[in-house]
Amino acid sequence: MVTLVRPANEETIMTHHASQRRAYLTLVLISLFCLMPFFWVVLAAFDPKASQFLQIPDGITVNHFWNLLANESGVRWVLNSVGIVGTATLLTLILAGFGGYALSRTQAWWKRPLLYAIILVRIVPPPALIVPVYKVMLFLNEWINNLINSLTSDVAQQVVLSRIFSFVDGYLGLILIQTAMQLPLAIWIMKTFFDAIPKDYEEAAALDGASQWQTVRHVLIPLALPGFAAAGLFAFINAWGDFLMPLMFTSSPELQTLPLGMFRAFLRVDAIDYGFLTALAVIYTLPAVIAFAFARKFLTQTFSGGVKG
Amino acid sequence: MSQIELINIKKNYMGTEVVKGIDVTINEGEFAVIVGPSGCGKSTLLRMIAGLEDISSGELKIGGKLMNNVSPDQREIAMVFQSYALYPHMTVAENIGFALALKKTDKAEINRRVLEAAKMLELEHLLERKPAALSGGQRQRVAIGRAIVKRPKVILFDEPLSNLDAKLRVQMRTELMRLHREFGSTIVYVTHDQVEAMTMAQKIIVLNNGHVAQMGKPMDLYRDPENTFVAQFIGVPKMNLLRGNLQADVFTLQSGQKLQLDCGYRDGSDLQLGVRPEHLKLELLQPGSGSENNSEHSWTVDVVERLGVESFIHLCNAARDVLVLRLEGDCDLQVDSKVAVRFDCSHCYLFNEAGVRLLPNTAALDLVG
């Protein structure tokens, strides 16, 4: 009996090893397939003779980057994107922090309906919102431009102020729209994080003599850092990749963001410059990678051991 | 002055009264323990003293000053939470010194006082650690350190030892008593564990269902419980209660066993006789002696708990009365063996149907007179 059982077990183990090897091989193939475009983008960006095919470059050049940043408006696109998305992310975090905390702590009857209403904004596809949002923004735009015109009669000043504060074709409008689009998910993330922070901490702080602001500053924000990192990362990456809203709400080339710049570069009538496009793609990817690397430190940070029971 | 006065304190939660009018005075420097079962309102009462819960009606005075609408940090109190509530992102030193840092105390002074508290609690070597790297007992000591560093007049403890293991609990009890002796602050300590109450308190306040069931010194409550709730809550194992009738100083149990009470109680029916396990004596009935079959006096051994220094014998009789009896040291009783129980009637208590203690006629007459 024993001699019969042992080979059967060995056979099972060997079959198990073989199937595990097959699984890993499949995973490696899938990974290579997924990584291929990234290889191509990185190689082509530094390839003097970049083409649509994956190839090992003859030499290395940074001309594509130079061309993009010096000769084209690459620097402006990057700055526009960083400025708009960065500000929108910051605004999202501030509002989501307050909103998430309030929704976590309140026991009011409207808590649940409001939470579902908030997430509804996220569920509705953005194109469905464009017409009503555009209408609202146009109305606000008219109001702000009248205000700017009444404040100064200097045309140059009016142009600068209008570019910053306009709701359509202005920085403010784009920042607000990006904030509004990212806010629902961020509020939900923050609410969930605050739910996990026991009220005991706030009560202990109150007994220690902390004001409301000191409790937020010294206790709640440090404890909610992983939440802020998660919400901020989602907001930044989503807003960074957004193409539709900048397309709809900007027309001036000066306001163009990176995705729009990339799109318009691709649409040029002359031959496609793969080196230029891939250099653009590398620059487009970098901030998202940096944002992730920055947020990762906080995402993995967990605070435990403060309370028991 | 840090005397705490609770005058007809009530608390309502959405129409439900959870604290139903409490009048208590805790003297300056006293170690008072509020004890009661889960849901009796003891933690709510403590949180009202701390200022973490609004007081629905009544007055709270600390040091003679009305505190109903004073914010928690202005009450000159500190609190140790059941969950410890140590700030997990701060080190032990930062946790202890947080209250002082908020007051913008000089850094050197903060360090001095943190070190002083740490020395007292034997935490000096842990000052740079985060709470996650501490054991349960160490966390508890940090929580206490955070409370004492402010040098408060009143320290509130909300079931602080309930998360510790039994051995550590005993150790922390003595440490808390030592701290109280050294600091002299008024302490209000909430627990559901009557052993903690008995060992530490100078005054015990027993709460039941939002009312004060009785308050007083630990041994006064043990010796003179005013009702069955206190009688059974204070003391381990709890006091035995047996139903029966009283006529001409003879208490008849449901089984028919008669006990001569010589204190002169008024006759009555459906009463409860209370007797503590240590006031019962046991006689083994010899098989075939005849008395074994006398069901009136015969009790059956149900469970024997041997603790080494003492043993607890659980007994039951034909009328389904249950008794717990304490014996010194070990015993060789077997389960299901038949025994007779002798009651020490000078240590028996009598309670009426509602559970209120009845006093002997002489005492009652004295009171009336």
# chains A, B, ... in the order shown; residues from 1 in each chain; ligands from 1
$ residues_around --residues "Arg105 of chain A" --least-positions-apart "6" --cutoff "10 Å" --atoms "only C-alpha atoms" --output "count of residues only"
5
$ residues_around --residues "Leu156 of chain B" --least-positions-apart "4" --cutoff "6 Å" --atoms "only C-alpha atoms" --output "ChimeraX atom specification"
/B:79,187-189
$ residues_around --residues "Gln334 of chain B" --least-positions-apart "3" --cutoff "12 Å" --atoms "only C-alpha atoms" --output "PDB file with N, CA and C atoms, in the first residue's frame"
ATOM      1  N   LEU B 284     -21.138  15.930  55.267  1.00  0.00           N
ATOM      2  CA  LEU B 284     -21.314  14.818  54.338  1.00  0.00           C
ATOM      3  C   LEU B 284     -22.342  13.847  54.911  1.00  0.00           C
ATOM      4  N   THR B 300     -27.310  18.094  46.532  1.00  0.00           N
ATOM      5  CA  THR B 300     -26.452  17.281  45.664  1.00  0.00           C
ATOM      6  C   THR B 300     -25.299  18.127  45.143  1.00  0.00           C
ATOM      7  N   VAL B 301     -24.100  17.556  45.170  1.00  0.00           N
ATOM      8  CA  VAL B 301     -22.938  18.290  44.633  1.00  0.00           C
ATOM      9  C   VAL B 301     -23.032  18.301  43.104  1.00  0.00           C
ATOM     10  N   ASP B 302     -23.015  19.494  42.527  1.00  0.00           N
ATOM     11  CA  ASP B 302     -23.179  19.633  41.078  1.00  0.00           C
ATOM     12  C   ASP B 302     -21.814  19.848  40.399  1.00  0.00           C
ATOM     13  N   VAL B 303     -21.068  20.820  40.923  1.00  0.00           N
ATOM     14  CA  VAL B 303     -19.746  21.138  40.348  1.00  0.00           C
ATOM     15  C   VAL B 303     -18.783  21.429  41.499  1.00  0.00           C
ATOM     16  N   VAL B 304     -17.533  21.015  41.357  1.00  0.00           N
ATOM     17  CA  VAL B 304     -16.519  21.382  42.354  1.00  0.00           C
ATOM     18  C   VAL B 304     -15.420  22.176  41.633  1.00  0.00           C
ATOM     19  N   GLU B 305     -15.210  23.413  42.078  1.00  0.00           N
ATOM     20  CA  GLU B 305     -14.137  24.245  41.491  1.00  0.00           C
ATOM     21  C   GLU B 305     -12.998  24.294  42.500  1.00  0.00           C
ATOM     22  N   ARG B 306     -11.835  23.762  42.133  1.00  0.00           N
ATOM     23  CA  ARG B 306     -10.693  23.747  43.056  1.00  0.00           C
ATOM     24  C   ARG B 306      -9.688  24.814  42.633  1.00  0.00           C
ATOM     25  N   ILE B 313     -18.003  24.876  45.967  1.00  0.00           N
ATOM     26  CA  ILE B 313     -18.858  23.719  45.717  1.00  0.00           C
ATOM     27  C   ILE B 313     -20.224  24.241  45.277  1.00  0.00           C
ATOM     28  N   HIS B 314     -20.647  23.847  44.102  1.00  0.00           N
ATOM     29  CA  HIS B 314     -21.974  24.221  43.603  1.00  0.00           C
ATOM     30  C   HIS B 314     -22.945  23.100  43.958  1.00  0.00           C
ATOM     31  N   LEU B 315     -24.027  23.484  44.627  1.00  0.00           N
ATOM     32  CA  LEU B 315     -24.989  22.490  45.098  1.00  0.00           C
ATOM     33  C   LEU B 315     -26.379  22.795  44.559  1.00  0.00           C
ATOM     34  N   CYS B 331     -10.671  19.827  48.613  1.00  0.00           N
ATOM     35  CA  CYS B 331     -11.663  18.930  49.221  1.00  0.00           C
ATOM     36  C   CYS B 331     -11.795  17.713  48.325  1.00  0.00           C
ATOM     37  N   SER B 337     -22.497  13.491  44.952  1.00  0.00           N
ATOM     38  CA  SER B 337     -22.620  13.010  46.333  1.00  0.00           C
ATOM     39  C   SER B 337     -23.614  13.891  47.092  1.00  0.00           C
ATOM     40  N   LYS B 338     -24.218  13.320  48.137  1.00  0.00           N
ATOM     41  CA  LYS B 338     -25.273  14.014  48.887  1.00  0.00           C
ATOM     42  C   LYS B 338     -24.659  14.655  50.131  1.00  0.00           C
ATOM     43  N   VAL B 339     -25.044  15.903  50.337  1.00  0.00           N
ATOM     44  CA  VAL B 339     -24.510  16.610  51.508  1.00  0.00           C
ATOM     45  C   VAL B 339     -25.632  17.381  52.217  1.00  0.00           C
TER      46      VAL B 339
END
$ closest_residue --among "B:Leu221, B:Val149, B:Leu126, B:Ile9" --to "chain A" --atoms "only C-alpha atoms"
B:Val149
$ closest_residue --among "A:Leu185, A:Asn71, A:Glu142, A:Gly100" --to "Ile123 of chain A" --atoms "only C-alpha atoms"
A:Leu185
$ closest_residue --among "B:Arg181, B:Arg276, B:His89, B:Lys153" --to "Tyr222 of chain B" --atoms "only C-alpha atoms"
B:Arg276
$ closest_atom_pairs --of "chain B" --to "chain A" --cutoff "8 Å" --atoms "only C-alpha atoms" --output "tab-separated table"
residue	atom	partner	partner_atom	distance
B:Ala50	CA	A:Leu207	CA	7.8
B:Leu52	CA	A:Glu203	CA	7.0
B:Pro72	CA	A:Leu207	CA	5.4
B:Asp73	CA	A:Gly209	CA	4.5
B:Gln74	CA	A:Gly209	CA	7.7
B:Ile77	CA	A:Leu207	CA	7.5
B:Ala78	CA	A:Leu207	CA	6.4
B:Met79	CA	A:Leu207	CA	7.2
B:Phe81	CA	A:Asp200	CA	7.6
B:Gln82	CA	A:Gly309	CA	7.8
B:Ser83	CA	A:Lys308	CA	4.6
B:Tyr84	CA	A:Val307	CA	5.5
B:Ala85	CA	A:Val307	CA	4.9
B:Leu86	CA	A:Gly306	CA	4.5
B:Tyr87	CA	A:Gly306	CA	5.5
B:Pro88	CA	A:Gly306	CA	4.6
B:His89	CA	A:Phe303	CA	6.4
B:Phe98	CA	A:Asp208	CA	7.2
B:Ala99	CA	A:Asp208	CA	4.6
B:Leu102	CA	A:Ala210	CA	6.5
B:Lys103	CA	A:Gly209	CA	7.6
B:Pro131	CA	A:Gly305	CA	5.3
B:Ala132	CA	A:Gly305	CA	4.0
B:Ala133	CA	A:Gly305	CA	7.6
B:Leu134	CA	A:Gly305	CA	7.9
B:Asn163	CA	A:Gly309	CA	6.6
$ write_last_selection --atoms "C-alpha atoms" --output "CSV table (one decimal), in the first residue's frame"
chain,number,residue,atom,x,y,z
B,50,ALA,CA,-15.3,64.7,31.4
B,52,LEU,CA,-17.5,64.6,26.3
B,72,PRO,CA,-13.4,69.5,28.6
B,73,ASP,CA,-10.0,71.2,28.5
B,74,GLN,CA,-11.1,73.9,30.9
B,77,ILE,CA,-9.3,66.9,34.4
B,78,ALA,CA,-7.5,64.1,32.6
B,79,MET,CA,-8.9,60.9,31.3
B,81,PHE,CA,-9.6,55.8,27.9
B,82,GLN,CA,-10.5,52.1,27.8
B,83,SER,CA,-8.9,52.0,24.3
B,84,TYR,CA,-5.8,54.0,25.6
B,85,ALA,CA,-6.3,56.4,22.6
B,86,LEU,CA,-2.6,57.0,22.2
B,87,TYR,CA,-1.7,59.0,19.1
B,88,PRO,CA,-0.1,56.3,16.9
B,89,HIS,CA,2.0,58.7,14.8
B,98,PHE,CA,1.2,66.6,23.8
B,99,ALA,CA,-1.0,68.4,26.3
B,102,LEU,CA,-0.5,72.5,23.1
B,103,LYS,CA,-0.2,74.9,26.0
B,131,PRO,CA,2.7,53.0,20.5
B,132,ALA,CA,2.6,50.1,18.0
B,133,ALA,CA,5.9,48.9,19.4
B,134,LEU,CA,4.6,48.7,23.0
B,163,ASN,CA,-7.8,45.0,27.8
$ residues_around --residues "Leu69 of chain A" --least-positions-apart "5" --cutoff "12 Å" --atoms "only C-alpha atoms" --output "list in words"
Val62, Asn63, His64, Gly74, Val75, Arg76, Trp77, Val78, Leu79, Leu258, Gly261, Phe276, Ala279, Leu280 and Ile283 of chain A
$ select_by_dssp --residues "segment 176-260 of chain B" --states "strand (DSSP E)" --output "ChimeraX atom specification"
/B:186-191,203-208,211-216,240-247,250-253,258-260
$ residues_around --residues "Arg326 of chain B" --least-positions-apart "6" --cutoff "10 Å" --atoms "only C-alpha atoms" --output "list in words"
Pro237, Arg276, Pro277, Glu278, His279, Leu280, Lys281, Leu282, Glu305, Glu310, Ser311, Phe312, Ile313 and His314 of chain B
$ select_by_dssp --residues "segment 34-244 of chain B" --states "alpha helix (DSSP H)" --output "PyMOL selection string"
chain B and resi 42-50+92-102+107-120+136-148+166-183+194-200+218-223+228-233
$ closest_residue --among "B:Leu325, B:Val35, B:Val70, B:Ala213" --to "Val356 of chain B" --atoms "only C-alpha atoms"
B:Ala213
